>>> print(open('model_0.txt').read())   # compact mmCIF, C-alpha atoms and all ligand atoms
# COMPACT_ATOMS: atom_id res chain seq x y z
CA MET A 1 111.57 -28.17 62.96
CA LYS A 2 113.50 -31.41 63.22
CA MET A 3 116.02 -31.82 66.00
CA ASN A 4 118.64 -34.48 65.64
CA LYS A 5 121.57 -35.79 67.66
CA THR A 6 123.94 -33.29 66.04
CA ALA A 7 121.83 -30.34 67.19
CA LEU A 8 121.71 -31.77 70.71
CA ASN A 9 125.47 -32.31 70.72
CA VAL A 10 126.17 -28.75 69.57
CA ALA A 11 123.87 -27.38 72.27
CA LEU A 12 125.51 -29.57 74.88
CA ALA A 13 129.03 -28.57 73.86
CA THR A 14 128.08 -24.88 73.91
CA ALA A 15 126.47 -25.20 77.30
CA MET A 16 129.41 -27.14 78.73
CA LEU A 17 131.82 -24.38 77.66
CA ALA A 18 129.66 -21.80 79.43
CA GLY A 19 128.68 -23.95 82.38
CA PRO A 20 131.28 -25.23 84.80
CA ALA A 21 131.89 -22.03 86.80
CA VAL A 22 128.33 -21.81 88.14
CA ALA A 23 126.97 -23.20 91.34
CA MET A 24 123.79 -25.22 90.92
CA ALA A 25 123.00 -28.34 92.88
CA TYR A 26 119.90 -30.51 92.95
CA GLU A 27 118.92 -31.48 96.49
CA GLN A 28 116.09 -33.22 98.27
CA GLY A 29 112.94 -31.06 98.19
CA ASP A 30 113.85 -29.19 94.97
CA TRP A 31 111.36 -28.81 92.12
CA ILE A 32 112.67 -28.70 88.53
CA ILE A 33 110.56 -27.54 85.57
CA ARG A 34 111.91 -28.38 82.11
CA GLY A 35 110.41 -27.02 78.89
CA GLY A 36 111.26 -26.72 75.23
CA LEU A 37 110.85 -28.62 71.97
CA ALA A 38 110.41 -32.37 71.70
CA ASN A 39 110.77 -34.37 68.49
CA VAL A 40 108.93 -37.71 68.58
CA ASN A 41 110.73 -39.93 66.08
CA PRO A 42 108.99 -43.31 65.67
CA ASP A 43 111.08 -46.41 65.02
CA ALA A 44 107.97 -48.04 63.61
CA SER A 45 107.49 -51.64 62.63
CA SER A 46 104.18 -52.98 61.47
CA ASP A 47 102.44 -56.27 60.83
CA ALA A 48 101.56 -57.09 57.26
CA ILE A 49 98.14 -55.74 56.23
CA SER A 50 95.90 -58.28 54.56
CA ILE A 51 92.79 -57.07 52.73
CA PRO A 52 90.21 -59.89 52.34
CA THR A 53 89.79 -59.84 48.58
CA SER A 54 90.08 -63.20 46.83
CA PRO A 55 92.92 -63.84 46.66
CA PRO A 56 93.85 -61.53 49.59
CA THR A 57 95.69 -58.30 48.82
CA VAL A 58 98.67 -58.18 51.20
CA PHE A 59 100.84 -55.18 52.05
CA GLU A 60 103.81 -57.14 53.43
CA ASN A 61 105.53 -54.23 55.23
CA GLY A 62 102.46 -52.54 56.69
CA VAL A 63 102.68 -48.87 57.61
CA ASP A 64 105.33 -46.37 58.69
CA VAL A 65 104.72 -43.50 61.14
CA LYS A 66 106.45 -40.15 60.55
CA ASP A 67 108.02 -37.81 63.15
CA ASP A 68 106.60 -34.62 64.71
CA THR A 69 107.93 -31.81 66.92
CA GLN A 70 105.88 -30.16 69.68
CA ILE A 71 106.30 -28.16 72.89
CA PHE A 72 106.89 -30.15 76.07
CA VAL A 73 107.00 -29.42 79.78
CA THR A 74 108.09 -31.76 82.56
CA GLY A 75 107.86 -31.34 86.32
CA THR A 76 110.31 -33.06 88.68
CA TYR A 77 110.24 -33.41 92.45
CA MET A 78 113.53 -34.42 94.08
CA PHE A 79 112.54 -36.84 96.82
CA ALA A 80 116.23 -37.41 97.66
CA ASP A 81 119.48 -35.68 96.63
CA ASN A 82 120.03 -38.36 93.98
CA TRP A 83 116.43 -39.25 93.03
CA GLY A 84 113.59 -37.36 91.37
CA VAL A 85 110.16 -38.28 90.01
CA GLU A 86 109.31 -36.60 86.68
CA VAL A 87 105.98 -36.16 84.89
CA LEU A 88 105.85 -35.34 81.14
CA ALA A 89 103.18 -33.30 79.36
CA SER A 90 103.14 -31.79 75.87
CA THR A 91 101.04 -30.21 73.18
CA PRO A 92 99.46 -32.94 70.99
CA PHE A 93 101.70 -34.70 68.50
CA GLU A 94 100.37 -35.33 65.00
CA HIS A 95 101.93 -38.10 62.93
CA ASP A 96 101.49 -38.91 59.24
CA ILE A 97 101.01 -42.59 58.48
CA VAL A 98 102.15 -44.00 55.13
CA LEU A 99 101.75 -47.38 53.48
CA ASN A 100 105.24 -48.89 53.02
CA ASP A 101 104.52 -50.94 49.88
CA ALA A 102 102.42 -48.43 47.95
CA PRO A 103 102.92 -44.77 47.06
CA VAL A 104 99.88 -43.54 49.01
CA ASP A 105 99.39 -41.55 52.20
CA ALA A 106 97.40 -43.75 54.58
CA GLY A 107 96.31 -41.14 57.09
CA SER A 108 97.31 -39.42 60.31
CA THR A 109 96.71 -39.52 64.03
CA LYS A 110 97.12 -37.25 67.03
CA HIS A 111 98.41 -38.54 70.34
CA LEU A 112 99.42 -37.47 73.82
CA PRO A 113 102.08 -39.42 75.72
CA PRO A 114 101.75 -38.71 79.47
CA THR A 115 104.73 -40.38 81.16
CA VAL A 116 105.98 -40.79 84.74
CA VAL A 117 109.60 -41.78 85.38
CA VAL A 118 111.96 -41.98 88.36
CA ASN A 119 115.39 -40.52 87.56
CA TRP A 120 118.75 -41.16 89.25
CA TYR A 121 121.12 -38.18 89.51
CA PRO A 122 124.67 -39.50 90.10
CA ARG A 123 125.86 -35.94 90.91
CA GLY A 124 122.88 -35.07 93.11
CA GLY A 125 123.85 -32.73 95.94
CA GLN A 126 126.93 -31.57 94.02
CA GLU A 127 127.33 -28.31 92.10
CA GLY A 128 127.67 -28.19 88.32
CA TRP A 129 126.26 -30.26 85.48
CA GLN A 130 123.50 -32.72 86.34
CA PRO A 131 123.20 -35.89 84.27
CA TYR A 132 120.36 -38.32 84.95
CA ILE A 133 118.95 -41.62 83.79
CA GLY A 134 115.60 -43.11 84.63
CA ALA A 135 112.76 -45.44 83.84
CA GLY A 136 109.01 -45.45 84.23
CA LEU A 137 105.64 -45.89 82.60
CA ASN A 138 104.01 -44.29 79.56
CA TYR A 139 100.34 -44.11 78.62
CA THR A 140 99.66 -43.03 75.04
CA PHE A 141 96.21 -42.29 73.74
CA PHE A 142 95.37 -41.62 70.10
CA TRP A 143 92.54 -39.53 68.74
CA ASP A 144 91.39 -37.73 65.59
CA GLU A 145 92.63 -40.64 63.45
CA GLN A 146 92.15 -39.70 59.80
CA VAL A 147 92.20 -41.83 56.66
CA ASP A 148 93.77 -40.10 53.66
CA SER A 149 91.72 -39.84 50.46
CA GLN A 150 94.69 -41.48 48.65
CA LEU A 151 94.17 -44.65 50.72
CA GLU A 152 90.41 -44.56 50.17
CA GLY A 153 91.07 -44.33 46.41
CA ALA A 154 93.50 -47.27 46.53
CA LEU A 155 91.03 -49.35 48.58
CA GLY A 156 88.33 -48.59 46.00
CA ASP A 157 90.63 -49.92 43.25
CA ILE A 158 91.53 -53.03 45.30
CA VAL A 159 87.93 -54.06 45.97
CA GLY A 160 86.80 -53.09 42.47
CA ASN A 161 84.65 -50.20 43.62
CA ASP A 162 83.50 -47.61 41.13
CA GLY A 163 85.34 -44.87 43.08
CA PRO A 164 86.95 -44.48 46.51
CA LEU A 165 86.02 -46.79 49.41
CA PRO A 166 85.31 -44.66 52.52
CA ALA A 167 87.27 -45.90 55.55
CA ASP A 168 87.74 -45.14 59.25
CA LEU A 169 90.91 -45.67 61.28
CA SER A 170 91.14 -46.30 65.00
CA LEU A 171 94.22 -46.96 67.13
CA ASP A 172 94.17 -48.61 70.55
CA ASP A 173 95.70 -46.87 73.57
CA SER A 174 99.07 -48.14 74.75
CA TRP A 175 100.73 -48.73 78.14
CA GLY A 176 104.48 -49.30 78.04
CA LEU A 177 107.97 -48.87 79.46
CA ALA A 178 109.66 -45.47 79.19
CA LEU A 179 113.44 -45.02 79.47
CA ARG A 180 114.94 -41.59 80.13
CA ALA A 181 118.36 -39.92 79.91
CA GLY A 182 119.39 -36.28 80.03
CA VAL A 183 121.64 -33.57 81.33
CA ASP A 184 121.10 -30.09 82.75
CA ILE A 185 123.99 -27.62 82.27
CA PRO A 186 123.70 -24.71 84.70
CA ILE A 187 123.56 -21.10 83.48
CA ASN A 188 123.11 -19.65 87.00
CA ASP A 189 121.71 -20.77 90.36
CA ASN A 190 118.21 -21.43 88.97
CA TRP A 191 118.42 -21.85 85.20
CA ALA A 192 120.05 -24.54 83.12
CA VAL A 193 120.18 -25.67 79.50
CA SER A 194 118.32 -28.98 79.29
CA ALA A 195 119.01 -31.73 76.73
CA SER A 196 117.31 -35.08 77.16
CA MET A 197 115.60 -38.00 75.54
CA TYR A 198 113.11 -40.77 76.10
CA TRP A 199 112.70 -44.14 74.48
CA ILE A 200 109.08 -45.22 74.81
CA ASP A 201 107.56 -48.62 74.09
CA ILE A 202 104.32 -47.70 72.30
CA ASP A 203 102.54 -50.65 70.73
CA THR A 204 99.08 -50.23 69.25
CA SER A 205 96.54 -52.18 67.30
CA ALA A 206 95.07 -50.45 64.26
CA THR A 207 91.65 -51.08 62.76
CA VAL A 208 90.65 -49.85 59.31
CA SER A 209 86.87 -50.15 58.95
CA THR A 210 85.02 -50.04 55.65
CA ALA A 211 81.60 -51.10 54.41
CA VAL A 212 83.26 -54.18 52.87
CA ALA A 213 85.37 -55.43 55.79
CA ASP A 214 87.38 -54.45 58.87
CA VAL A 215 91.15 -54.97 58.75
CA ASP A 216 93.24 -55.22 61.95
CA PHE A 217 97.01 -55.06 62.26
CA ASP A 218 99.54 -54.34 65.04
CA VAL A 219 101.97 -51.42 64.86
CA GLU A 220 105.00 -50.87 67.12
CA ILE A 221 105.74 -47.17 67.18
CA ASP A 222 108.54 -47.30 69.83
CA PRO A 223 109.76 -43.71 69.36
CA PHE A 224 112.91 -41.97 70.45
CA VAL A 225 111.98 -38.53 71.79
CA TYR A 226 114.72 -35.87 71.54
CA MET A 227 114.23 -32.80 73.72
CA LEU A 228 116.01 -29.47 73.93
CA GLY A 229 115.10 -26.55 76.18
CA VAL A 230 115.67 -25.02 79.57
CA ALA A 231 115.35 -26.19 83.15
CA TYR A 232 114.33 -24.01 86.11
CA LYS A 233 114.97 -25.11 89.70
CA PHE A 234 113.20 -23.74 92.76
NI NI A 301 107.26 -52.09 71.24
>>> encode(input="model_0.txt", output="structure tokens", more="lines below")
Ligand code: NI
Amino acid sequence: MKMNKTALNVALATAMLAGPAVAMAYEQGDWIIRGGLANVNPDASSDAISIPTSPPTVFENGVDVKDDTQIFVTGTYMFADNWGVEVLASTPFEHDIVLNDAPVDAGSTKHLPPTVVVNWYPRGGQEGWQPYIGAGLNYTFFWDEQVDSQLEGALGDIVGNDGPLPADLSLDDSWGLALRAGVDIPINDNWAVSASMYWIDIDTSATVSTAVADVDFDVEIDPFVYMLGVAYKF
């Protein structure tokens, strides 16, 4: 499933029509659990990839990283009426990686993006809808990086192999800034519809290793994460 801004807007509008009559306030000492679906949509940009043949074979536009949707949960502790600290967890995301300048699948990777942010609630302590914005730190680690057989076939052609050239892919972990925005629209005293997003600065260095040579290039993944679900306050 792919969520986009339109889906979020429709959900928000629906929730706002149903919402205003109910009394829900976030106050110091409250815990808020949010859960639902999260779409990680990379805004990827990549270094050129240069394969050391003579002359070098260069893929000017590097790779692109495709989107994926998974289940998320966040936990928030309100340490003041207007301020909460929020931790993000999710099921693992799996992204396809494609080569921009050639019609081949390059591979795929899994990742987990644990993130801690501090959010400001301008309407904290007041009843009704609860918008928030925040910022914090993300740590992303990648595993189970796979090289597609299409890329191995293309590499075999490039180096003049009699068949595919087996390759391994590894991606470095990333620390980066996370920005957060969202709104909870109350359904009753404890439950709310939750729509939110992150922008996360995820920059990694990729290494493709083969028997012939290792090739390194940097990839900025920098995804927008769109999230839709429910919030529960206690
Ligand atoms: Ni970046």
>>> atom_distance(input="model_0.txt", atom1="CA of Asp203 (chain A)", atom2="CA of Val219 (chain A)")
5.9 Å
>>> residues_around(input="model_0.txt", residues="Asp81 (chain A)", least_positions_apart="4", cutoff="7 Å", atoms="only C-alpha atoms", output="short mmCIF file (atom, residue, chain, number, x, y, z; two decimals) with C-alpha atoms, in the frame of the given file")
data_model
loop_
_atom_site.label_atom_id
_atom_site.label_comp_id
_atom_site.auth_asym_id
_atom_site.auth_seq_id
_atom_site.Cartn_x
_atom_site.Cartn_y
_atom_site.Cartn_z
CA TYR A 26 119.90 -30.51 92.95
CA GLU A 27 118.92 -31.48 96.49
CA GLN A 28 116.09 -33.22 98.27
CA GLY A 124 122.88 -35.07 93.11
CA GLY A 125 123.85 -32.73 95.94
#
>>> closest_residue(input="model_0.txt", among="A:Ser205, A:Ser194, A:Thr115, A:Thr53", to="Ile33 (chain A)", atoms="all atoms listed in the file")
A:Ser194
>>> closest_residue(input="model_0.txt", among="A:Val116, A:Ile97, A:Val183, A:Met197", to="Tyr132 (chain A)", atoms="all atoms listed in the file")
A:Val183
>>> closest_residue(input="model_0.txt", among="A:Ala213, A:Val73, A:Ala25, A:Leu99", to="Asp47 (chain A)", atoms="only C-alpha atoms")
A:Leu99
>>> closest_residue(input="model_0.txt", among="A:Pro223, A:Gly107, A:Gly75, A:Gly229", to="Val40 (chain A)", atoms="all atoms listed in the file")
A:Pro223
>>> closest_atom_pairs(input="model_0.txt", of="chain A", to="ligand NI 301 (chain A)", cutoff="9 Å", atoms="all atoms listed in the file", output="CSV")
residue,atom,partner,partner_atom,distance
A:Ala44,CA,A:NI301,NI,8.7
A:Ser45,CA,A:NI301,NI,8.6
A:Gly176,CA,A:NI301,NI,7.9
A:Leu177,CA,A:NI301,NI,8.9
A:Ile200,CA,A:NI301,NI,8.0
A:Asp201,CA,A:NI301,NI,4.5
A:Ile202,CA,A:NI301,NI,5.4
A:Asp203,CA,A:NI301,NI,5.0
A:Thr204,CA,A:NI301,NI,8.6
A:Val219,CA,A:NI301,NI,8.3
A:Glu220,CA,A:NI301,NI,4.9
A:Ile221,CA,A:NI301,NI,6.6
A:Asp222,CA,A:NI301,NI,5.2
A:Pro223,CA,A:NI301,NI,8.9
>>> axis_aligned_box(input="model_0.txt", around="region 65-83 of chain A", padding_each_side="5 Å", output="JSON")
{"center_x": 112.4, "center_y": -35.8, "center_z": 79.1, "size_x": 25.3, "size_y": 25.3, "size_z": 47.1}
>>> atom_distance(input="model_0.txt", atom1="CA of Glu127 (chain A)", atom2="CA of Trp199 (chain A)")
27.8 Å
>>> atom_distance(input="model_0.txt", atom1="CA of Phe142 (chain A)", atom2="CA of Gly62 (chain A)")
18.7 Å
>>> closest_residue(input="model_0.txt", among="A:Val225, A:Ala89, A:Leu37, A:Leu137", to="Ile71 (chain A)", atoms="only C-alpha atoms")
A:Leu37
>>> residues_around(input="model_0.txt", residues="Ala48 (chain A)", least_positions_apart="2", cutoff="6 Å", atoms="all atoms listed in the file", output="PyMOL selection string")
chain A and resi 59-62
>>> closest_residue(input="model_0.txt", among="A:Thr109, A:Asp30, A:Leu169, A:Phe141", to="Phe217 (chain A)", atoms="all atoms listed in the file")
A:Leu169
>>> residues_around(input="model_0.txt", residues="region 162-164 of chain A", least_positions_apart="6", cutoff="8 Å", atoms="all atoms listed in the file", output="PyMOL selection string")
chain A and resi 149+152-156
>>> build_atoms(input="model_0.txt", residues="region 95-119 of chain A", atoms="N, CA, C and O atoms", output="tab-separated table (two decimals), keeping the file's coordinate frame")
chain	number	residue	atom	x	y	z
A	95	HIS	N	101.04	-37.29	63.75
A	95	HIS	CA	101.93	-38.10	62.93
A	95	HIS	C	101.25	-38.51	61.64
A	95	HIS	O	100.12	-39.00	61.66
A	96	ASP	N	101.96	-38.35	60.51
A	96	ASP	CA	101.49	-38.91	59.24
A	96	ASP	C	101.78	-40.40	59.21
A	96	ASP	O	102.80	-40.86	59.72
A	97	ILE	N	100.86	-41.15	58.62
A	97	ILE	CA	101.01	-42.59	58.48
A	97	ILE	C	101.04	-42.90	56.99
A	97	ILE	O	100.18	-42.43	56.24
A	98	VAL	N	102.06	-43.65	56.56
A	98	VAL	CA	102.15	-44.00	55.13
A	98	VAL	C	102.18	-45.51	54.98
A	98	VAL	O	102.58	-46.24	55.88
A	99	LEU	N	101.71	-45.96	53.81
A	99	LEU	CA	101.75	-47.38	53.48
A	99	LEU	C	103.13	-47.67	52.87
A	99	LEU	O	103.53	-47.02	51.93
A	100	ASN	N	103.87	-48.66	53.46
A	100	ASN	CA	105.24	-48.89	53.02
A	100	ASN	C	105.34	-49.42	51.60
A	100	ASN	O	106.30	-49.13	50.89
A	101	ASP	N	104.38	-50.25	51.17
A	101	ASP	CA	104.52	-50.94	49.88
A	101	ASP	C	103.75	-50.26	48.75
A	101	ASP	O	103.64	-50.82	47.67
A	102	ALA	N	103.19	-49.09	49.00
A	102	ALA	CA	102.42	-48.43	47.95
A	102	ALA	C	102.63	-46.92	48.11
A	102	ALA	O	102.79	-46.43	49.22
A	103	PRO	N	102.63	-46.20	46.99
A	103	PRO	CA	102.92	-44.77	47.06
A	103	PRO	C	101.69	-43.95	47.45
A	103	PRO	O	101.31	-43.02	46.75
A	104	VAL	N	101.05	-44.31	48.57
A	104	VAL	CA	99.88	-43.54	49.01
A	104	VAL	C	100.04	-43.14	50.47
A	104	VAL	O	100.63	-43.86	51.27
A	105	ASP	N	99.51	-41.95	50.80
A	105	ASP	CA	99.39	-41.55	52.20
A	105	ASP	C	98.23	-42.33	52.80
A	105	ASP	O	97.14	-42.39	52.22
A	106	ALA	N	98.46	-42.95	53.97
A	106	ALA	CA	97.40	-43.75	54.58
A	106	ALA	C	96.51	-42.91	55.49
A	106	ALA	O	95.31	-43.13	55.56
A	107	GLY	N	97.12	-41.95	56.19
A	107	GLY	CA	96.31	-41.14	57.09
A	107	GLY	C	97.17	-40.44	58.11
A	107	GLY	O	98.37	-40.22	57.88
A	108	SER	N	96.56	-40.10	59.25
A	108	SER	CA	97.31	-39.42	60.31
A	108	SER	C	96.60	-39.67	61.63
A	108	SER	O	95.45	-40.11	61.67
A	109	THR	N	97.33	-39.42	62.72
A	109	THR	CA	96.71	-39.52	64.03
A	109	THR	C	97.33	-38.48	64.95
A	109	THR	O	98.46	-38.04	64.73
A	110	LYS	N	96.57	-38.07	65.96
A	110	LYS	CA	97.12	-37.25	67.03
A	110	LYS	C	97.31	-38.14	68.24
A	110	LYS	O	96.60	-39.14	68.42
A	111	HIS	N	98.28	-37.79	69.09
A	111	HIS	CA	98.41	-38.54	70.34
A	111	HIS	C	99.03	-37.68	71.42
A	111	HIS	O	99.68	-36.67	71.14
A	112	LEU	N	98.77	-38.07	72.66
A	112	LEU	CA	99.42	-37.47	73.82
A	112	LEU	C	100.08	-38.59	74.60
A	112	LEU	O	99.49	-39.66	74.76
A	113	PRO	N	101.33	-38.36	75.05
A	113	PRO	CA	102.08	-39.42	75.72
A	113	PRO	C	102.39	-39.13	77.19
A	113	PRO	O	103.57	-39.04	77.55
A	114	PRO	N	101.39	-38.96	78.07
A	114	PRO	CA	101.75	-38.71	79.47
A	114	PRO	C	102.64	-39.83	80.02
A	114	PRO	O	102.38	-41.00	79.78
A	115	THR	N	103.69	-39.43	80.74
A	115	THR	CA	104.73	-40.38	81.16
A	115	THR	C	105.22	-40.01	82.55
A	115	THR	O	105.42	-38.83	82.85
A	116	VAL	N	105.40	-41.00	83.42
A	116	VAL	CA	105.98	-40.79	84.74
A	116	VAL	C	107.24	-41.65	84.85
A	116	VAL	O	107.19	-42.85	84.57
A	117	VAL	N	108.36	-41.03	85.20
A	117	VAL	CA	109.60	-41.78	85.38
A	117	VAL	C	110.26	-41.39	86.70
A	117	VAL	O	110.02	-40.30	87.23
A	118	VAL	N	111.08	-42.28	87.23
A	118	VAL	CA	111.96	-41.98	88.36
A	118	VAL	C	113.37	-41.89	87.81
A	118	VAL	O	113.84	-42.80	87.12
A	119	ASN	N	114.04	-40.75	88.08
A	119	ASN	CA	115.39	-40.52	87.56
A	119	ASN	C	116.42	-40.58	88.68
A	119	ASN	O	116.18	-40.12	89.81
